[in-house]
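So the structure is just underneath, and the comments pick up after that.
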Amino acid sequence: MPPRRPARWPRLDDRGVALVYLGVGLLLLGLGVTSTAPAADGPAADALHAALLVAGCAALAAKRRHPLAVLLVATGAFAGTLPVGGSVGLLLVLWDALYSAGMHLPARGRRGLVAVVAVLTTAAAVAGGVLGDGLRDAAQALLFAAAVLVTPLWWAADVRIRTESAAFEARRAALERRQADLARAHAADVERIADLDRDAAVREERAAMARDLHDVVASRLSAIAIHAEAALAGEPEAGRDRAALGAVRAEAVASLAEMRSMVLVLRGGGGDPPAGAAAGLDRLPDLVADAEGRGLDVRVSASPQPALPAVVDQAAYRIAGEALRNAAAHGPAGGRVDVRVAAGDGLLEVEVVSALRPAVDPGAEGADPAGSQGRAGLGSATGLLTMRERARSLGGDVTAGPEGARWRVRAVLPLADAALPAAGRPAAPATRTAAAR
């Protein structure tokens with residue numbers, strides 16, 4: 001059962017308030033409480049009180065639409081009762097008219113009203129001192145005028161300020177809600193853009209792998225065709241033909257192993273791959289020259305390597321190139337980059353260590369808060385994603401992270417298991433996994 005709302009007083013409109021004032025005034029008139037000061041009583045005075053009270057209450061019904069006119073009518077009605085001692089009911093009407101004028105008049109009208117009230121209050125104090133018994137009567141007249149004229153204006157100013165403050169807070173809350181909605185929409189857009197960037201990077205990497213697959217298989221099939229054509233060119237000869245068949249079988253097996261390895265990497269791709277030049281670690285000097293052209297100081301340390309499977313050779317080349325491109329994009333100009341390539345214990349290790357861009361104090365002179373640091377923070381990490389995907393498709397792994405003032409990327413690729421399908425690849429020993437991390 002829902003909780004009950006607390007009871008509220010019925011809200012009256014302006015005409016209802018005017019009727020309440022009229023009823024209170026007539027009740028006071030019936031009880032004989034009519035004048036605010038000693039005066040002559042009688043039927044004529046009561047009739048004057050009642051007539052002016054009706055006029056003041058009738059005008060009070062339009063106090064929101066015409067606050068100044070209602071104030072003038074209420075003031076005139078109250079002044080009309082002063083010869084017979086004033087009217088308590090019309091005093092209430094005058095208070096309400098003054099309050100309504102202080103609430104609903106424009107700023108210029110309120111300033112004029114405050115000036116008039118100040119003059120009247122001062123004049124009442126002076127008149128009380130002159131016509132009465134000195135300072136005592138002047139103080140009494142000042143207090144009476146302030147109670148009648150200043151109090152409703154002060155009350156109206158306080159209510160108006162609170163109302164405007166509440167309206168301002170409501171507008172600010174609505175603005176903050178809109179800003180929060182925009183921030184959530186912006187975050188969702190940024191997340192969608194990052195997802196699209198990652199998808200595009202993965203598709204681009206798979207297209208590069210498809211080009212590598214095309215080149216590897218094409219070279220193997222060309223060797224098969226050459227050996228077969230040489231065997232078919234002359235007369236049959238057992239020794240020569242067996243040697244040719246052996247070479248064809250070796251090339252076919254190697255081509256099948258290479259193709260299966262690359263297809264595992266391309267598990268999400270499709271379509272006809274474009275042709276391109278195969279790339280391996282023998283083209284590492286080209287990557288170094290490109291990085292040096294970007295302003296980096298590259299030092300290479302490469303140990304003698306055995307014959308690498310083509311898929312491992314190409315993966316190592318791609319990982320090294322991506323790491324060097326990241327160093328040029330996110331490192332300081334002229335920073336040193338150490339590249340190390342080593343093979344041993346059935347593993348190929350590629351390590352690229354580069355300098356980190358120093359942090360910039362946002363308050364320092366010449367600092368660019370939205371500059372390089374801000375751009376670096378907007379990256380989607382697609383480079384690390386593609387490097388890890390390529391390495392893990394071969395059973396290896398890539399680790400990357402800061403080490404002091406430098407950034408280290410280390411890729412470990414297995415050599416013996418590179419040509420095996422994922423289902424037939426043996427699990428790496430615990431020591432090897434620890435070394436790869």
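Note on naming: chains are A, B, ... as they come in the structure tokens, residues start from 1 per chain, ligands start from 1 in the order shown.
The residue set within 10 Å of Ala124 of chain A, counting only C-alpha atoms and dropping same-chain residues fewer than 4 places from it, reads Ala118, Val119, Leu120, Gly128, Gly129, Val130, Ala138, Ala139, Gln140, Ala141, Leu142, Leu143, Phe144, Ala145 and Ala146 of chain A.
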Neighbouring residues of segment 89-91 of chain A were defined as those with any atom within 9 Å, considering only C-alpha atoms; residues of the same chain fewer than 5 positions away were excluded. Please report them as a CSV table (one decimal) with all heavy atoms, in the first residue's frame.
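The resulting file, around_1.csv, is reproduced below:
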```
chain,number,residue,atom,x,y,z
A,21,TYR,N,-10.7,38.3,3.0
A,21,TYR,CA,-10.4,39.6,3.6
A,21,TYR,C,-11.8,40.3,3.8
A,21,TYR,O,-12.0,41.0,4.9
A,21,TYR,CB,-9.5,40.4,2.7
A,21,TYR,CG,-8.1,40.1,2.8
A,21,TYR,CD1,-7.3,39.9,1.7
A,21,TYR,CD2,-7.5,39.9,4.1
A,21,TYR,CE1,-5.9,39.6,1.8
A,21,TYR,CE2,-6.1,39.6,4.2
A,21,TYR,CZ,-5.4,39.5,3.0
A,21,TYR,OH,-4.1,39.2,3.2
A,22,LEU,N,-12.7,40.2,2.9
A,22,LEU,CA,-14.0,40.8,3.0
A,22,LEU,C,-14.8,40.2,4.2
A,22,LEU,O,-15.4,40.9,5.0
A,22,LEU,CB,-14.8,40.7,1.7
A,22,LEU,CG,-16.2,41.3,1.7
A,22,LEU,CD1,-16.1,42.8,2.0
A,22,LEU,CD2,-16.9,41.0,0.4
A,24,VAL,N,-13.4,38.7,6.9
A,24,VAL,CA,-12.8,39.1,8.1
A,24,VAL,C,-13.1,40.5,8.5
A,24,VAL,O,-13.4,40.9,9.6
A,24,VAL,CB,-11.3,38.9,8.0
A,24,VAL,CG1,-10.5,39.5,9.2
A,24,VAL,CG2,-11.0,37.4,7.9
A,25,GLY,N,-13.1,41.4,7.5
A,25,GLY,CA,-13.4,42.8,7.7
A,25,GLY,C,-14.8,43.0,8.2
A,25,GLY,O,-15.1,43.8,9.1
A,26,LEU,N,-15.8,42.3,7.5
A,26,LEU,CA,-17.2,42.5,8.0
A,26,LEU,C,-17.4,41.9,9.4
A,26,LEU,O,-18.2,42.4,10.1
A,26,LEU,CB,-18.1,41.8,6.9
A,26,LEU,CG,-18.1,42.5,5.6
A,26,LEU,CD1,-19.0,41.7,4.6
A,26,LEU,CD2,-18.6,43.9,5.6
A,28,LEU,N,-15.1,41.8,11.8
A,28,LEU,CA,-14.6,42.8,12.7
A,28,LEU,C,-15.5,44.0,12.9
A,28,LEU,O,-15.7,44.6,13.9
A,28,LEU,CB,-13.2,43.3,12.3
A,28,LEU,CG,-12.1,42.3,12.3
A,28,LEU,CD1,-10.8,42.8,11.7
A,28,LEU,CD2,-11.8,41.8,13.7
A,29,LEU,N,-16.1,44.4,11.7
A,29,LEU,CA,-17.1,45.5,11.8
A,29,LEU,C,-18.3,45.1,12.6
A,29,LEU,O,-18.8,45.9,13.4
A,29,LEU,CB,-17.5,45.9,10.3
A,29,LEU,CG,-18.4,47.1,10.2
A,29,LEU,CD1,-17.8,48.3,10.7
A,29,LEU,CD2,-18.9,47.2,8.7
A,34,THR,N,-13.4,48.2,14.5
A,34,THR,CA,-13.4,48.9,13.2
A,34,THR,C,-12.2,49.8,13.0
A,34,THR,O,-11.5,49.7,12.0
A,34,THR,CB,-14.6,49.7,13.0
A,34,THR,OG1,-14.8,50.6,14.0
A,34,THR,CG2,-15.9,48.8,13.0
A,35,SER,N,-11.9,50.6,13.9
A,35,SER,CA,-10.9,51.7,13.7
A,35,SER,C,-9.5,51.3,14.3
A,35,SER,O,-9.4,50.5,15.2
A,35,SER,CB,-11.4,53.0,14.4
A,35,SER,OG,-12.6,53.4,13.9
A,36,THR,N,-8.5,51.9,13.7
A,36,THR,CA,-7.1,51.7,14.2
A,36,THR,C,-6.7,52.8,15.2
A,36,THR,O,-5.6,52.7,15.8
A,36,THR,CB,-6.1,51.7,13.0
A,36,THR,OG1,-6.2,53.0,12.3
A,36,THR,CG2,-6.4,50.6,12.0
A,49,HIS,N,-17.0,52.4,6.4
A,49,HIS,CA,-16.0,51.3,6.5
A,49,HIS,C,-16.4,50.2,5.6
A,49,HIS,O,-15.6,49.6,4.9
A,49,HIS,CB,-16.0,50.8,8.0
A,49,HIS,CG,-15.2,51.6,8.9
A,49,HIS,ND1,-13.8,51.8,8.8
A,49,HIS,CD2,-15.5,52.4,10.0
A,49,HIS,CE1,-13.3,52.6,9.7
A,49,HIS,NE2,-14.4,53.0,10.5
A,52,LEU,N,-15.9,51.1,1.7
A,52,LEU,CA,-14.5,51.2,1.3
A,52,LEU,C,-13.9,49.8,1.4
A,52,LEU,O,-13.0,49.4,0.6
A,52,LEU,CB,-13.8,52.2,2.1
A,52,LEU,CG,-14.1,53.6,1.9
A,52,LEU,CD1,-13.4,54.5,2.9
A,52,LEU,CD2,-13.9,54.1,0.5
A,53,LEU,N,-14.3,48.9,2.3
A,53,LEU,CA,-13.8,47.6,2.4
A,53,LEU,C,-14.2,46.8,1.2
A,53,LEU,O,-13.4,46.0,0.7
A,53,LEU,CB,-14.3,46.9,3.7
A,53,LEU,CG,-13.9,45.5,4.0
A,53,LEU,CD1,-12.4,45.4,4.1
A,53,LEU,CD2,-14.6,44.9,5.2
A,56,GLY,N,-12.0,47.9,-1.7
A,56,GLY,CA,-10.6,47.5,-1.6
A,56,GLY,C,-10.5,46.0,-1.9
A,56,GLY,O,-9.6,45.5,-2.6
A,57,CYS,N,-11.5,45.2,-1.4
A,57,CYS,CA,-11.4,43.7,-1.7
A,57,CYS,C,-11.7,43.4,-3.1
A,57,CYS,O,-11.2,42.5,-3.7
A,57,CYS,CB,-12.4,43.0,-0.7
A,57,CYS,SG,-12.0,43.1,1.0
A,74,ALA,N,-6.2,50.4,-2.9
A,74,ALA,CA,-6.2,50.0,-1.5
A,74,ALA,C,-5.7,51.2,-0.6
A,74,ALA,O,-6.2,51.4,0.5
A,74,ALA,CB,-5.2,48.8,-1.3
A,75,THR,N,-4.7,51.9,-1.1
A,75,THR,CA,-4.2,53.1,-0.4
A,75,THR,C,-5.2,54.1,-0.3
A,75,THR,O,-5.5,54.8,0.8
A,75,THR,CB,-2.9,53.6,-1.0
A,75,THR,OG1,-1.9,52.6,-1.2
A,75,THR,CG2,-2.3,54.8,-0.3
A,77,ALA,N,-8.5,53.7,-0.4
A,77,ALA,CA,-9.6,53.2,0.4
A,77,ALA,C,-9.2,53.4,1.9
A,77,ALA,O,-10.0,53.8,2.7
A,77,ALA,CB,-9.9,51.8,0.1
A,78,PHE,N,-8.0,53.0,2.3
A,78,PHE,CA,-7.5,53.1,3.6
A,78,PHE,C,-7.5,54.6,4.1
A,78,PHE,O,-7.8,55.0,5.2
A,78,PHE,CB,-6.2,52.5,3.8
A,78,PHE,CG,-5.6,52.5,5.2
A,78,PHE,CD1,-6.2,51.7,6.2
A,78,PHE,CD2,-4.6,53.4,5.6
A,78,PHE,CE1,-5.7,51.8,7.5
A,78,PHE,CE2,-4.2,53.5,6.9
A,78,PHE,CZ,-4.7,52.7,7.8
A,81,THR,N,-10.7,56.1,5.1
A,81,THR,CA,-11.2,55.8,6.5
A,81,THR,C,-10.5,56.5,7.6
A,81,THR,O,-10.9,56.4,8.8
A,81,THR,CB,-11.1,54.2,6.7
A,81,THR,OG1,-9.7,53.9,6.7
A,81,THR,CG2,-11.9,53.5,5.7
A,96,ASP,N,-1.7,43.3,2.0
A,96,ASP,CA,-1.6,42.4,0.9
A,96,ASP,C,-1.3,43.1,-0.4
A,96,ASP,O,-0.6,42.6,-1.3
A,96,ASP,CB,-3.0,41.7,0.8
A,96,ASP,CG,-2.9,40.4,-0.1
A,96,ASP,OD1,-2.2,40.4,-1.1
A,96,ASP,OD2,-3.5,39.4,0.3
A,148,VAL,N,3.4,49.1,9.1
A,148,VAL,CA,2.4,49.1,8.0
A,148,VAL,C,3.0,49.0,6.6
A,148,VAL,O,2.5,48.3,5.8
A,148,VAL,CB,1.5,50.3,8.2
A,148,VAL,CG1,0.5,50.4,7.0
A,148,VAL,CG2,0.7,50.2,9.5
```
All alpha helix (DSSP H) positions in segment 105-313 of chain A, as an NGL selection string | :A and (107-131 or 135-145 or 151-233 or 238-265 or 284-293 or 310-313)
From atom CA of Leu153 of chain A to atom CA of Leu19 of chain A the spacing works out at 22.7 Å
Give the answer as one residue: which of A:Leu31, A:Ala69, A:Leu60, A:Ala405 has the shortest atom-to-atom distance to Val17 of chain A, using only C-alpha atoms?
->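 Looking only at the distances to Val17 of chain A, the closest residue turns out to be A:Leu60.
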Can you tell me, as a PyMOL selection string, what residues are no more than 12 Å from Ala243 of chain A when counting only C-alpha atoms, ignoring any on the same chain fewer than 6 positions away?
-> chain A and resi 227-228+230-231+237+249-250
Quick one: pull the distance between atom CA of Arg64 of chain A and atom CA of Leu105 of chain A, Å, one decimal.
->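 These atoms are spaced 9.0 Å apart.
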Separation of atom CA of Leu284 of chain A and atom CA of Tyr317 of chain A, in Å?
->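 So the answer is 6.8 Å.
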Find the spatial neighbours of Leu71 of chain A, counting only C-alpha atoms, within a cut-off of 10 Å - ignore same-chain residues fewer than 3 positions away - and output them as a ChimeraX atom specification.
-> /A:56,59-60,63,66-68,74-77,93-101
Atoms to include: all heavy atoms. Write the selected residues as a short mmCIF file (atom, residue, chain, number, x, y, z; two decimals), in the first residue's frame.
```cif
data_model
loop_
_atom_site.label_atom_id
_atom_site.label_comp_id
_atom_site.auth_asym_id
_atom_site.auth_seq_id
_atom_site.Cartn_x
_atom_site.Cartn_y
_atom_site.Cartn_z
N GLY A 56 -12.01 47.95 -1.70
CA GLY A 56 -10.63 47.46 -1.61
C GLY A 56 -10.52 45.98 -1.91
O GLY A 56 -9.60 45.54 -2.61
N ALA A 59 -10.93 45.28 -5.66
CA ALA A 59 -9.70 45.57 -6.40
C ALA A 59 -8.63 44.50 -6.15
O ALA A 59 -7.82 44.17 -7.03
CB ALA A 59 -9.16 46.94 -6.00
N LEU A 60 -8.64 43.91 -4.95
CA LEU A 60 -7.60 42.93 -4.60
C LEU A 60 -7.70 41.66 -5.46
O LEU A 60 -6.72 40.92 -5.57
CB LEU A 60 -7.75 42.55 -3.13
CG LEU A 60 -6.50 42.01 -2.43
CD1 LEU A 60 -5.40 43.05 -2.44
CD2 LEU A 60 -6.85 41.61 -1.00
N LYS A 63 -4.85 41.65 -8.19
CA LYS A 63 -3.55 42.12 -7.69
C LYS A 63 -2.37 41.57 -8.49
O LYS A 63 -1.31 42.20 -8.55
CB LYS A 63 -3.39 41.74 -6.22
CG LYS A 63 -3.42 40.24 -5.96
CD LYS A 63 -3.34 39.95 -4.48
CE LYS A 63 -3.35 38.44 -4.20
NZ LYS A 63 -3.28 38.15 -2.76
N HIS A 66 -2.58 43.60 -12.15
CA HIS A 66 -2.40 45.05 -12.06
C HIS A 66 -1.98 45.42 -10.64
O HIS A 66 -2.76 46.03 -9.89
CB HIS A 66 -3.68 45.79 -12.46
CG HIS A 66 -4.25 45.35 -13.77
ND1 HIS A 66 -3.67 45.69 -14.98
CD2 HIS A 66 -5.34 44.59 -14.07
CE1 HIS A 66 -4.38 45.16 -15.97
NE2 HIS A 66 -5.41 44.49 -15.44
N PRO A 67 -0.78 45.05 -10.22
CA PRO A 67 -0.40 45.27 -8.81
C PRO A 67 -0.34 46.75 -8.44
O PRO A 67 -0.73 47.12 -7.32
CB PRO A 67 0.97 44.60 -8.70
CG PRO A 67 1.50 44.56 -10.10
CD PRO A 67 0.31 44.39 -10.98
N LEU A 68 0.13 47.60 -9.32
CA LEU A 68 0.24 49.02 -8.97
C LEU A 68 -1.13 49.66 -8.84
O LEU A 68 -1.38 50.44 -7.89
CB LEU A 68 1.07 49.74 -10.04
CG LEU A 68 1.36 51.22 -9.75
CD1 LEU A 68 2.10 51.37 -8.42
CD2 LEU A 68 2.16 51.84 -10.90
N ALA A 74 -6.17 50.39 -2.90
CA ALA A 74 -6.15 50.02 -1.48
C ALA A 74 -5.66 51.18 -0.62
O ALA A 74 -6.20 51.43 0.48
CB ALA A 74 -5.25 48.80 -1.29
N THR A 75 -4.66 51.92 -1.13
CA THR A 75 -4.17 53.08 -0.37
C THR A 75 -5.25 54.15 -0.25
O THR A 75 -5.46 54.75 0.82
CB THR A 75 -2.91 53.65 -1.05
OG1 THR A 75 -1.93 52.62 -1.16
CG2 THR A 75 -2.35 54.81 -0.26
N GLY A 76 -5.95 54.42 -1.36
CA GLY A 76 -7.03 55.41 -1.33
C GLY A 76 -8.16 55.00 -0.41
O GLY A 76 -8.73 55.84 0.32
N ALA A 77 -8.51 53.67 -0.43
CA ALA A 77 -9.60 53.21 0.44
C ALA A 77 -9.22 53.35 1.91
O ALA A 77 -10.03 53.80 2.75
CB ALA A 77 -9.94 51.76 0.11
N VAL A 93 -6.03 44.67 3.87
CA VAL A 93 -6.03 44.77 2.40
C VAL A 93 -4.82 45.54 1.91
O VAL A 93 -4.18 45.18 0.91
CB VAL A 93 -7.35 45.42 1.93
CG1 VAL A 93 -7.30 45.71 0.43
CG2 VAL A 93 -8.53 44.53 2.26
N LEU A 94 -4.45 46.63 2.59
CA LEU A 94 -3.27 47.42 2.19
C LEU A 94 -1.99 46.60 2.32
O LEU A 94 -1.11 46.68 1.45
CB LEU A 94 -3.20 48.69 3.06
CG LEU A 94 -2.00 49.61 2.79
CD1 LEU A 94 -2.03 50.13 1.35
CD2 LEU A 94 -2.01 50.78 3.78
N TRP A 95 -1.88 45.84 3.38
CA TRP A 95 -0.70 44.96 3.52
C TRP A 95 -0.58 44.00 2.34
O TRP A 95 0.49 43.83 1.76
CB TRP A 95 -0.80 44.17 4.82
CG TRP A 95 -0.35 44.93 6.04
CD1 TRP A 95 0.34 46.09 6.05
CD2 TRP A 95 -0.57 44.56 7.40
NE1 TRP A 95 0.57 46.50 7.34
CE2 TRP A 95 0.03 45.57 8.20
CE3 TRP A 95 -1.20 43.49 8.04
CZ2 TRP A 95 0.01 45.53 9.58
CZ3 TRP A 95 -1.22 43.45 9.41
CH2 TRP A 95 -0.61 44.46 10.18
N ASP A 96 -1.68 43.33 2.00
CA ASP A 96 -1.65 42.38 0.88
C ASP A 96 -1.32 43.08 -0.43
O ASP A 96 -0.57 42.55 -1.27
CB ASP A 96 -2.99 41.65 0.77
CG ASP A 96 -2.90 40.38 -0.05
OD1 ASP A 96 -2.19 40.37 -1.07
OD2 ASP A 96 -3.52 39.36 0.33
N ALA A 97 -1.86 44.29 -0.64
CA ALA A 97 -1.56 45.03 -1.86
C ALA A 97 -0.08 45.42 -1.93
O ALA A 97 0.55 45.35 -3.00
CB ALA A 97 -2.45 46.27 -1.95
N LEU A 98 0.48 45.85 -0.79
CA LEU A 98 1.90 46.17 -0.76
C LEU A 98 2.76 44.92 -1.04
O LEU A 98 3.75 44.97 -1.78
CB LEU A 98 2.28 46.76 0.59
CG LEU A 98 2.03 48.26 0.78
CD1 LEU A 98 2.22 48.65 2.24
CD2 LEU A 98 2.93 49.08 -0.12
N TYR A 99 2.40 43.78 -0.45
CA TYR A 99 3.13 42.52 -0.68
C TYR A 99 3.06 42.12 -2.16
O TYR A 99 4.07 41.73 -2.77
CB TYR A 99 2.55 41.43 0.21
CG TYR A 99 3.14 40.07 -0.07
CD1 TYR A 99 4.35 39.68 0.49
CD2 TYR A 99 2.46 39.15 -0.87
CE1 TYR A 99 4.88 38.42 0.24
CE2 TYR A 99 2.98 37.89 -1.13
CZ TYR A 99 4.19 37.53 -0.58
OH TYR A 99 4.71 36.29 -0.84
N SER A 100 1.88 42.21 -2.76
CA SER A 100 1.71 41.83 -4.17
C SER A 100 2.52 42.76 -5.07
O SER A 100 3.13 42.31 -6.05
CB SER A 100 0.23 41.87 -4.56
OG SER A 100 -0.51 40.95 -3.77
N ALA A 101 2.54 44.07 -4.76
CA ALA A 101 3.33 44.99 -5.56
C ALA A 101 4.82 44.67 -5.44
O ALA A 101 5.57 44.70 -6.43
CB ALA A 101 3.06 46.43 -5.12
#
```
Proximity to Arg15 of chain A - best of A:Pro304, A:Asp197, A:Ala51, A:Ala62, only C-alpha atoms =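 So, comparing all the options, the nearest one is A:Ala62.
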Identify, on the basis of only C-alpha atoms, every residue whose closest approach to Leu281 of chain A does not exceed 9 Å; exclude the query and any residue fewer than 5 positions from it along the same chain; express the result as a list in words.
-> Asp313, Gln314, Ala316, Tyr317, Arg318 and Ala320 of chain A
Limited to N, CA and C atoms, could you put the picked residues into a file as a PDB file, in the first residue's frame?
```
ATOM      1  N   ASP A 313      58.820 -15.660 -39.146  1.00  0.00           N
ATOM      2  CA  ASP A 313      59.646 -14.569 -39.659  1.00  0.00           C
ATOM      3  C   ASP A 313      58.794 -13.333 -39.959  1.00  0.00           C
ATOM      4  N   GLN A 314      57.674 -13.549 -40.610  1.00  0.00           N
ATOM      5  CA  GLN A 314      56.814 -12.419 -40.960  1.00  0.00           C
ATOM      6  C   GLN A 314      56.143 -11.815 -39.716  1.00  0.00           C
ATOM      7  N   ALA A 316      57.366 -11.776 -36.649  1.00  0.00           N
ATOM      8  CA  ALA A 316      58.388 -11.003 -35.939  1.00  0.00           C
ATOM      9  C   ALA A 316      58.618  -9.655 -36.631  1.00  0.00           C
ATOM     10  N   TYR A 317      58.645  -9.666 -37.948  1.00  0.00           N
ATOM     11  CA  TYR A 317      58.842  -8.410 -38.687  1.00  0.00           C
ATOM     12  C   TYR A 317      57.691  -7.440 -38.423  1.00  0.00           C
ATOM     13  N   ARG A 318      56.448  -7.958 -38.454  1.00  0.00           N
ATOM     14  CA  ARG A 318      55.287  -7.086 -38.227  1.00  0.00           C
ATOM     15  C   ARG A 318      55.294  -6.525 -36.802  1.00  0.00           C
ATOM     16  N   ALA A 320      57.899  -6.069 -34.765  1.00  0.00           N
ATOM     17  CA  ALA A 320      58.969  -5.083 -34.620  1.00  0.00           C
ATOM     18  C   ALA A 320      58.584  -3.762 -35.282  1.00  0.00           C
TER      19      ALA A 320
END
```
Skipping near chain neighbours, those fewer than 3 positions away, what residues fall within 12 Å of Ala343 of chain A using only C-alpha atoms, listed as a PyMOL selection string?
-> chain A and resi 301-308+312-313+316+340+346-351+411-416
Arg283 of chain A proximity check over A:Gly321, A:Gly23, A:Val248, A:Glu389, using only C-alpha atoms: winner is A:Gly321
